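A short write-up of the structure that comes next.
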Number of protein chains: 2
Amino acid sequence: MLKDIENLPMGSRFPRDEILDRLKLNAEGLIPAIAQQHDTGEVLMMAWMNAEALNETLTTGRVCYFSRSRGRLWRKGESSGQIQRLKGLYIDCDGDTLLLRVDQTGPACHTGRSNCFFLRVDGHDVVVTSNPLIDPETLYGSDEPSPPAQPSGNEPA
Amino acid sequence: MLKDIENLPMGSRFPRDEILDRLKLNAEGLIPAIAQQHDTGEVLMMAWMNAEALNETLTTGRVCYFSRSRGRLWRKGESSGQIQRLKGLYIDCDGDTLLLRVDQTGPACHTGRSNCFFLRVDGHDVVVTSNPLIDPETLYGSDEPSPPAQPSGNEPA
């Protein structure tokens with residue numbers, strides 16, 4: 001998708017909107033976005049953005065995804081308060097994946113864990129590798145053990 | 001997808017095959033896999049796996065993806081020699097994304113750059129943030145300026 005610019009040297013610049021228009025969205029108009037804690041390198045989660053979510057994120061500096069389960073924009077932390085501030089946004093060589101360098105407030109995962117990748121393959125087992133930093137009931141309220149309005153799936157907070 | 005186990009404490013174990021059978025693949029039978037350099041935290045690339053690629057990766061310890069453009073298994077580095085050794089495989093809370101901690105030989109990106117996320121949004125511009133470590137012609141041969149058999153897209157090497 002970005003074949004014509006991939007061999008240009010470091011420092012080459014292009015109008016942002018021209019590049020964003022060439023991102024390769026999937027059939028649902030979405031692109032995967034990896035969130036990485038900017039100062040530690042911890043990979044926090046992966047979610048999806050549509051063009052509107054990406055535009056809002058770049059405009060406000062607060063990360064906004066598109067929730068596939070809720071079918072609407074999802075301002076990360078809108079229920080839990082565990083927001084992500086954008087520190088840097090990177091596009092890959094294919095123009096089909098984003099890397100967000102963020103500053104995460106509290107845990108990124110809806111389970112209250114620091115990040116969503118807490119299940120590790122260990123030989124013929126899978127093992128839980130961390131405990132919640134915060135009880136999810138504290139994040140979402142005791143009468144809502146999971147994030148509200150998530151009929152299917154359990155996306156991060 | 002993994003709602004019943006997400007609140008279990010650190011150290012809880014489950015049979016691997018039981019968990020892998022519950023991964024949430026997309027309509028094409030694929031799951032996104034983020035590759036991160038295990039010792040530096042650098043996010044190298046994102047690609048896709050099917051069940052066969054995942055099984056091969058776990059069996060051999062050498063990372064194998066499924067190339068959507070080529071429609072077949074893609075043993076990372078099969079053309080370029082820039083392979084990935086698996087150091088750890090993590091599943092997210094939704095069971096719909098994988099995080100691979102790898103040891104990358106040479107550059108991960110087909111452009112010869114260390115990683116695929118070399119385009120950074122900078123205000124109203126996008127800027128190229130790095131140069132190739134190796135000329136792609138060295139990786140793929142001078143009569144093949146791009147990786148062979150990639151009719152569309154330009155996935156990493």
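Residue names in the structure tokens use chain letters A, B, ... in the order shown, residue numbers from 1 in each chain, and ligand numbers from 1 in the order shown.
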Sorted by chain and rising residue number, list the residues of chain B at most 6 Å from chain A (counting only C-alpha atoms), each with its closest atom pair and distance in Å to one decimal, as CSV.
```
residue,atom,partner,partner_atom,distance
B:Pro9,CA,A:Asn131,CA,5.8
B:Met10,CA,A:Val128,CA,4.8
B:Gly11,CA,A:Val128,CA,5.3
B:Ser12,CA,A:Val128,CA,5.4
B:Arg13,CA,A:Val127,CA,4.5
B:Phe14,CA,A:Val126,CA,5.2
B:Pro15,CA,A:Asp125,CA,4.6
B:Arg16,CA,A:Asp125,CA,4.3
B:Gly41,CA,A:Gly41,CA,5.1
B:Leu89,CA,A:Val121,CA,5.6
B:Tyr90,CA,A:Arg120,CA,4.4
B:Ile91,CA,A:Leu119,CA,5.1
B:Asp92,CA,A:Phe117,CA,4.2
B:Cys93,CA,A:Cys116,CA,5.3
B:Asp94,CA,A:Asn154,CA,5.7
B:Cys116,CA,A:Asp92,CA,4.9
B:Phe117,CA,A:Asp92,CA,4.2
B:Leu119,CA,A:Ile91,CA,5.1
B:Arg120,CA,A:Tyr90,CA,4.4
B:Val121,CA,A:Leu89,CA,5.7
B:His124,CA,A:Arg16,CA,5.1
B:Asp125,CA,A:Arg16,CA,4.3
B:Val126,CA,A:Arg16,CA,5.0
B:Val127,CA,A:Arg13,CA,4.5
B:Val128,CA,A:Met10,CA,4.8
B:Thr129,CA,A:Met10,CA,5.2
B:Ser130,CA,A:Met10,CA,4.9
B:Asn131,CA,A:Met10,CA,5.4
B:Asn154,CA,A:Asp94,CA,5.7
```
If chain B is fitted onto chain A by least squares over all C-alpha atoms, taken pair by pair in sequence order, what do its new coordinates look like as a tab-separated table (two decimals) with C-alpha atoms, in the first residue's frame?
```
chain	number	residue	atom	x	y	z
B	1	MET	CA	0.00	0.05	-0.01
B	2	LEU	CA	2.91	2.34	0.71
B	3	LYS	CA	5.35	0.70	-1.70
B	4	ASP	CA	6.34	4.00	-3.34
B	5	ILE	CA	7.63	5.53	-0.12
B	6	GLU	CA	9.12	2.57	1.69
B	7	ASN	CA	12.61	3.01	0.28
B	8	LEU	CA	12.86	6.72	0.99
B	9	PRO	CA	15.42	7.80	3.57
B	10	MET	CA	14.87	8.70	7.20
B	11	GLY	CA	13.45	12.19	7.55
B	12	SER	CA	11.33	12.04	4.38
B	13	ARG	CA	7.98	13.73	5.02
B	14	PHE	CA	4.52	13.45	3.51
B	15	PRO	CA	1.19	15.14	4.18
B	16	ARG	CA	-0.50	13.18	6.95
B	17	ASP	CA	-3.95	13.12	5.40
B	18	GLU	CA	-2.57	11.72	2.16
B	19	ILE	CA	-1.01	8.78	4.01
B	20	LEU	CA	-4.01	8.18	6.27
B	21	ASP	CA	-6.25	8.04	3.20
B	22	ARG	CA	-4.11	5.16	1.95
B	23	LEU	CA	-4.37	3.00	5.08
B	24	LYS	CA	-5.64	-0.47	4.31
B	25	LEU	CA	-8.79	-0.92	6.35
B	26	ASN	CA	-10.50	-4.30	6.49
B	27	ALA	CA	-13.95	-5.08	5.09
B	28	GLU	CA	-15.53	-3.51	8.19
B	29	GLY	CA	-13.50	-0.32	7.75
B	30	LEU	CA	-11.23	-1.16	10.68
B	31	ILE	CA	-7.49	-1.32	11.28
B	32	PRO	CA	-5.76	-3.09	14.19
B	33	ALA	CA	-4.02	-0.83	16.69
B	34	ILE	CA	-1.42	-2.15	19.13
B	35	ALA	CA	-1.04	-0.12	22.32
B	36	GLN	CA	2.40	-0.09	23.92
B	37	GLN	CA	3.35	1.73	27.11
B	38	HIS	CA	5.75	4.39	25.84
B	39	ASP	CA	8.34	4.29	28.61
B	40	THR	CA	8.49	0.60	29.53
B	41	GLY	CA	7.78	-1.06	26.17
B	42	GLU	CA	5.03	-3.21	27.72
B	43	VAL	CA	2.53	-4.31	25.08
B	44	LEU	CA	-0.78	-3.47	26.73
B	45	MET	CA	-3.50	-4.60	24.33
B	46	MET	CA	-4.68	-4.66	20.77
B	47	ALA	CA	-7.94	-3.17	19.59
B	48	TRP	CA	-9.42	-1.72	16.40
B	49	MET	CA	-9.91	1.75	15.00
B	50	ASN	CA	-12.06	3.11	12.23
B	51	ALA	CA	-11.22	6.36	10.43
B	52	GLU	CA	-13.29	8.36	12.91
B	53	ALA	CA	-11.58	6.82	15.96
B	54	LEU	CA	-8.17	7.47	14.44
B	55	ASN	CA	-9.05	11.06	13.65
B	56	GLU	CA	-10.40	11.65	17.15
B	57	THR	CA	-7.29	10.11	18.71
B	58	LEU	CA	-5.00	12.36	16.69
B	59	THR	CA	-7.11	15.43	17.40
B	60	THR	CA	-7.60	14.98	21.13
B	61	GLY	CA	-4.50	13.01	22.11
B	62	ARG	CA	-6.72	10.62	24.06
B	63	VAL	CA	-6.95	7.17	22.52
B	64	CYS	CA	-10.30	6.24	21.03
B	65	TYR	CA	-10.97	2.83	19.49
B	66	PHE	CA	-13.95	1.34	17.70
B	67	SER	CA	-15.59	-1.36	19.80
B	68	ARG	CA	-16.64	-4.21	17.56
B	69	SER	CA	-18.85	-5.73	20.27
B	70	ARG	CA	-20.61	-2.44	21.02
B	71	GLY	CA	-20.58	-1.22	17.42
B	72	ARG	CA	-19.54	2.30	18.38
B	73	LEU	CA	-16.60	4.51	19.25
B	74	TRP	CA	-14.95	3.47	22.47
B	75	ARG	CA	-13.01	6.13	24.32
B	76	LYS	CA	-10.64	3.93	26.23
B	77	GLY	CA	-11.33	4.37	29.94
B	78	GLU	CA	-14.80	5.87	29.47
B	79	SER	CA	-16.20	3.33	31.98
B	80	SER	CA	-13.15	2.57	34.09
B	81	GLY	CA	-11.23	5.84	34.04
B	82	GLN	CA	-8.18	3.93	32.80
B	83	ILE	CA	-7.47	6.19	29.83
B	84	GLN	CA	-4.60	6.19	27.36
B	85	ARG	CA	-2.78	9.37	26.36
B	86	LEU	CA	-1.17	9.21	22.95
B	87	LYS	CA	2.59	9.74	22.90
B	88	GLY	CA	3.24	8.63	19.32
B	89	LEU	CA	1.41	6.97	16.45
B	90	TYR	CA	3.20	4.75	13.96
B	91	ILE	CA	2.04	3.14	10.72
B	92	ASP	CA	3.56	-0.09	9.44
B	93	CYS	CA	5.13	-0.76	6.04
B	94	ASP	CA	1.92	-2.32	4.73
B	95	GLY	CA	-0.27	0.52	5.96
B	96	ASP	CA	-2.51	-2.05	7.61
B	97	THR	CA	-1.49	-1.91	11.28
B	98	LEU	CA	-0.99	0.92	13.76
B	99	LEU	CA	1.32	1.07	16.76
B	100	LEU	CA	0.27	3.49	19.47
B	101	ARG	CA	2.84	4.55	22.02
B	102	VAL	CA	0.70	5.56	24.96
B	103	ASP	CA	0.75	6.57	28.58
B	104	GLN	CA	-1.73	4.24	30.25
B	105	THR	CA	-3.52	5.33	33.41
B	106	GLY	CA	-3.77	2.28	35.68
B	107	PRO	CA	-4.36	-1.17	34.25
B	108	ALA	CA	-5.13	-1.54	30.54
B	109	CYS	CA	-7.09	-4.78	30.87
B	110	HIS	CA	-10.75	-5.02	31.84
B	111	THR	CA	-9.73	-7.74	34.33
B	112	GLY	CA	-7.76	-5.12	36.26
B	113	ARG	CA	-4.43	-6.51	35.07
B	114	SER	CA	-1.69	-4.28	33.76
B	115	ASN	CA	-2.02	-5.69	30.24
B	116	CYS	CA	-4.27	-8.11	28.38
B	117	PHE	CA	-1.63	-10.74	27.57
B	118	PHE	CA	-1.64	-12.61	30.86
B	119	LEU	CA	-2.11	-16.16	29.56
B	120	ARG	CA	1.20	-17.78	28.67
B	121	VAL	CA	1.74	-21.05	26.87
B	122	ASP	CA	3.99	-23.17	29.08
B	123	GLY	CA	4.73	-26.54	27.51
B	124	HIS	CA	1.44	-28.40	27.30
B	125	ASP	CA	-0.26	-25.97	29.68
B	126	VAL	CA	-1.45	-22.40	29.62
B	127	VAL	CA	-0.74	-20.48	32.81
B	128	VAL	CA	-2.11	-17.24	34.26
B	129	THR	CA	0.94	-14.99	34.66
B	130	SER	CA	-0.36	-12.05	36.68
B	131	ASN	CA	-2.96	-10.91	39.17
B	132	PRO	CA	-5.21	-7.85	38.87
B	133	LEU	CA	-3.74	-4.58	40.14
B	134	ILE	CA	-7.28	-3.40	40.87
B	135	ASP	CA	-10.41	-5.43	41.49
B	136	PRO	CA	-12.56	-5.12	38.34
B	137	GLU	CA	-15.51	-4.36	40.62
B	138	THR	CA	-13.71	-1.19	41.65
B	139	LEU	CA	-13.29	-0.24	38.02
B	140	TYR	CA	-16.82	-1.01	36.86
B	141	GLY	CA	-18.95	-1.06	40.02
B	142	SER	CA	-20.07	-4.03	42.09
B	143	ASP	CA	-23.37	-4.46	40.25
B	144	GLU	CA	-21.51	-4.62	36.98
B	145	PRO	CA	-18.88	-7.32	37.27
B	146	SER	CA	-17.95	-6.86	33.63
B	147	PRO	CA	-17.76	-3.65	31.60
B	148	PRO	CA	-21.21	-2.33	30.73
B	149	ALA	CA	-22.80	-2.86	27.33
B	150	GLN	CA	-20.56	-5.67	26.19
B	151	PRO	CA	-23.01	-8.26	24.94
B	152	SER	CA	-20.26	-10.37	23.45
B	153	GLY	CA	-16.54	-10.45	23.95
B	154	ASN	CA	-14.67	-8.87	26.81
B	155	GLU	CA	-12.61	-6.06	25.45
B	156	PRO	CA	-10.29	-4.12	27.66
B	157	ALA	CA	-11.51	-1.27	29.79
```
Which of segment 37-140 of chain B DSSP labels strand (DSSP E), written as JSON, numbers by chain = {"B": [37, 43, 44, 45, 46, 47, 48, 49, 64, 65, 66, 67, 72, 73, 74, 75, 84, 85, 86, 87, 88, 89, 90, 91, 98, 99, 100, 101, 102, 103, 104, 119, 120, 121, 122, 125, 126, 127, 128]}
Expected file: the selected residues, N, CA, C and O atoms, as a short mmCIF file (atom, residue, chain, number, x, y, z; two decimals), in the first residue's frame:
```cif
data_model
loop_
_atom_site.label_atom_id
_atom_site.label_comp_id
_atom_site.auth_asym_id
_atom_site.auth_seq_id
_atom_site.Cartn_x
_atom_site.Cartn_y
_atom_site.Cartn_z
N GLN B 37 10.38 -8.08 20.17
CA GLN B 37 11.73 -8.55 20.51
C GLN B 37 11.80 -8.76 22.03
O GLN B 37 11.51 -7.85 22.80
N VAL B 43 8.53 -3.48 19.37
CA VAL B 43 7.46 -4.13 18.61
C VAL B 43 7.92 -4.21 17.16
O VAL B 43 8.16 -3.19 16.51
N LEU B 44 8.06 -5.42 16.67
CA LEU B 44 8.68 -5.64 15.36
C LEU B 44 7.69 -5.58 14.21
O LEU B 44 7.95 -4.97 13.18
N MET B 45 6.54 -6.21 14.37
CA MET B 45 5.59 -6.37 13.27
C MET B 45 4.31 -6.99 13.81
O MET B 45 4.27 -7.45 14.95
N MET B 46 3.30 -6.99 12.98
CA MET B 46 2.12 -7.79 13.26
C MET B 46 1.78 -8.59 12.02
O MET B 46 1.86 -8.07 10.90
N ALA B 47 1.45 -9.85 12.20
CA ALA B 47 1.03 -10.68 11.08
C ALA B 47 -0.08 -11.61 11.58
O ALA B 47 -0.61 -11.40 12.68
N TRP B 48 -0.44 -12.59 10.78
CA TRP B 48 -1.59 -13.43 11.11
C TRP B 48 -1.17 -14.89 11.17
O TRP B 48 -0.27 -15.32 10.46
N MET B 49 -1.87 -15.63 12.00
CA MET B 49 -1.65 -17.08 12.09
C MET B 49 -2.97 -17.80 11.89
O MET B 49 -4.01 -17.30 12.33
N CYS B 64 6.09 -19.21 12.53
CA CYS B 64 5.45 -19.42 11.24
C CYS B 64 4.12 -18.69 11.24
O CYS B 64 3.32 -18.85 12.17
N TYR B 65 3.91 -17.84 10.24
CA TYR B 65 2.65 -17.13 10.10
C TYR B 65 1.85 -17.73 8.95
O TYR B 65 2.30 -18.66 8.27
N PHE B 66 0.67 -17.15 8.71
CA PHE B 66 -0.07 -17.46 7.50
C PHE B 66 -0.08 -16.18 6.66
O PHE B 66 -0.57 -15.14 7.11
N SER B 67 0.48 -16.26 5.47
CA SER B 67 0.52 -15.09 4.59
C SER B 67 -0.81 -14.95 3.87
O SER B 67 -1.21 -15.83 3.09
N ARG B 72 -0.77 -18.98 2.02
CA ARG B 72 -0.10 -20.21 2.49
C ARG B 72 0.71 -19.91 3.74
O ARG B 72 0.94 -18.75 4.09
N LEU B 73 1.17 -20.96 4.39
CA LEU B 73 2.06 -20.80 5.54
C LEU B 73 3.29 -20.02 5.13
O LEU B 73 3.78 -20.16 4.00
N TRP B 74 3.76 -19.21 6.05
CA TRP B 74 4.89 -18.33 5.77
C TRP B 74 5.85 -18.45 6.94
O TRP B 74 5.61 -17.92 8.01
N ARG B 75 6.90 -19.23 6.71
CA ARG B 75 7.91 -19.40 7.76
C ARG B 75 8.79 -18.16 7.71
O ARG B 75 9.62 -18.01 6.81
N GLN B 84 12.58 -15.74 13.13
CA GLN B 84 12.21 -15.40 14.51
C GLN B 84 12.16 -16.69 15.32
O GLN B 84 11.44 -17.62 14.97
N ARG B 85 12.90 -16.70 16.42
CA ARG B 85 12.83 -17.80 17.38
C ARG B 85 11.86 -17.42 18.49
O ARG B 85 11.94 -16.34 19.04
N LEU B 86 10.97 -18.33 18.80
CA LEU B 86 9.95 -18.04 19.82
C LEU B 86 10.54 -18.15 21.22
O LEU B 86 11.14 -19.16 21.59
N LYS B 87 10.34 -17.08 22.01
CA LYS B 87 10.78 -17.10 23.41
C LYS B 87 9.59 -17.23 24.36
O LYS B 87 9.75 -17.66 25.50
N GLY B 88 8.41 -16.81 23.90
CA GLY B 88 7.23 -16.92 24.75
C GLY B 88 6.00 -16.56 23.95
O GLY B 88 6.05 -15.66 23.10
N LEU B 89 4.90 -17.26 24.20
CA LEU B 89 3.66 -16.98 23.46
C LEU B 89 2.54 -16.71 24.46
O LEU B 89 2.28 -17.52 25.35
N TYR B 90 1.91 -15.55 24.28
CA TYR B 90 0.88 -15.08 25.19
C TYR B 90 -0.44 -14.90 24.45
O TYR B 90 -0.46 -14.49 23.28
N ILE B 91 -1.52 -15.17 25.16
CA ILE B 91 -2.87 -15.04 24.63
C ILE B 91 -3.56 -13.92 25.41
O ILE B 91 -3.38 -13.82 26.63
N LEU B 98 -2.67 -12.71 19.77
CA LEU B 98 -1.49 -13.35 20.33
C LEU B 98 -0.35 -12.34 20.42
O LEU B 98 -0.23 -11.45 19.58
N LEU B 99 0.46 -12.50 21.45
CA LEU B 99 1.71 -11.74 21.57
C LEU B 99 2.85 -12.73 21.58
O LEU B 99 2.90 -13.63 22.43
N LEU B 100 3.74 -12.60 20.60
CA LEU B 100 4.90 -13.48 20.51
C LEU B 100 6.11 -12.72 20.99
O LEU B 100 6.45 -11.66 20.44
N ARG B 101 6.76 -13.23 22.00
CA ARG B 101 8.07 -12.70 22.39
C ARG B 101 9.08 -13.52 21.62
O ARG B 101 9.12 -14.76 21.74
N VAL B 102 9.87 -12.84 20.80
CA VAL B 102 10.74 -13.55 19.86
C VAL B 102 12.17 -13.04 19.95
O VAL B 102 12.44 -11.98 20.50
N ASP B 103 13.07 -13.84 19.37
CA ASP B 103 14.42 -13.36 19.12
C ASP B 103 14.57 -13.27 17.61
O ASP B 103 14.60 -14.30 16.92
N GLN B 104 14.60 -12.05 17.11
CA GLN B 104 14.61 -11.76 15.68
C GLN B 104 16.05 -11.78 15.17
O GLN B 104 16.90 -11.08 15.71
N LEU B 119 6.92 4.61 10.05
CA LEU B 119 6.24 5.84 9.62
C LEU B 119 5.53 6.43 10.83
O LEU B 119 4.65 5.81 11.42
N ARG B 120 5.94 7.63 11.21
CA ARG B 120 5.41 8.26 12.42
C ARG B 120 4.60 9.49 12.06
O ARG B 120 5.05 10.32 11.27
N VAL B 121 3.42 9.58 12.65
CA VAL B 121 2.64 10.81 12.50
C VAL B 121 3.32 11.90 13.31
O VAL B 121 3.62 11.72 14.49
N ASP B 122 3.59 13.03 12.63
CA ASP B 122 4.26 14.16 13.27
C ASP B 122 3.47 15.41 12.89
O ASP B 122 3.67 15.97 11.81
N ASP B 125 2.15 15.99 9.32
CA ASP B 125 2.99 15.20 8.42
C ASP B 125 3.08 13.76 8.91
O ASP B 125 2.76 13.45 10.06
N VAL B 126 3.57 12.92 8.01
CA VAL B 126 4.06 11.60 8.39
C VAL B 126 5.53 11.57 7.99
O VAL B 126 5.88 12.01 6.88
N VAL B 127 6.37 11.07 8.89
CA VAL B 127 7.81 11.10 8.64
C VAL B 127 8.41 9.69 8.72
O VAL B 127 7.97 8.87 9.53
N VAL B 128 9.36 9.41 7.85
CA VAL B 128 10.10 8.15 7.89
C VAL B 128 11.13 8.24 9.02
O VAL B 128 11.95 9.17 9.04
#
```
How would you write, as a list in words, the set of residues in segment 57-86 of chain B that DSSP gives as helix (DSSP H, G or I)?
->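 Residues of segment 57-86 of chain B classed as helix (DSSP H, G or I): Thr57, Leu58, Thr59 and Thr60 of chain B.
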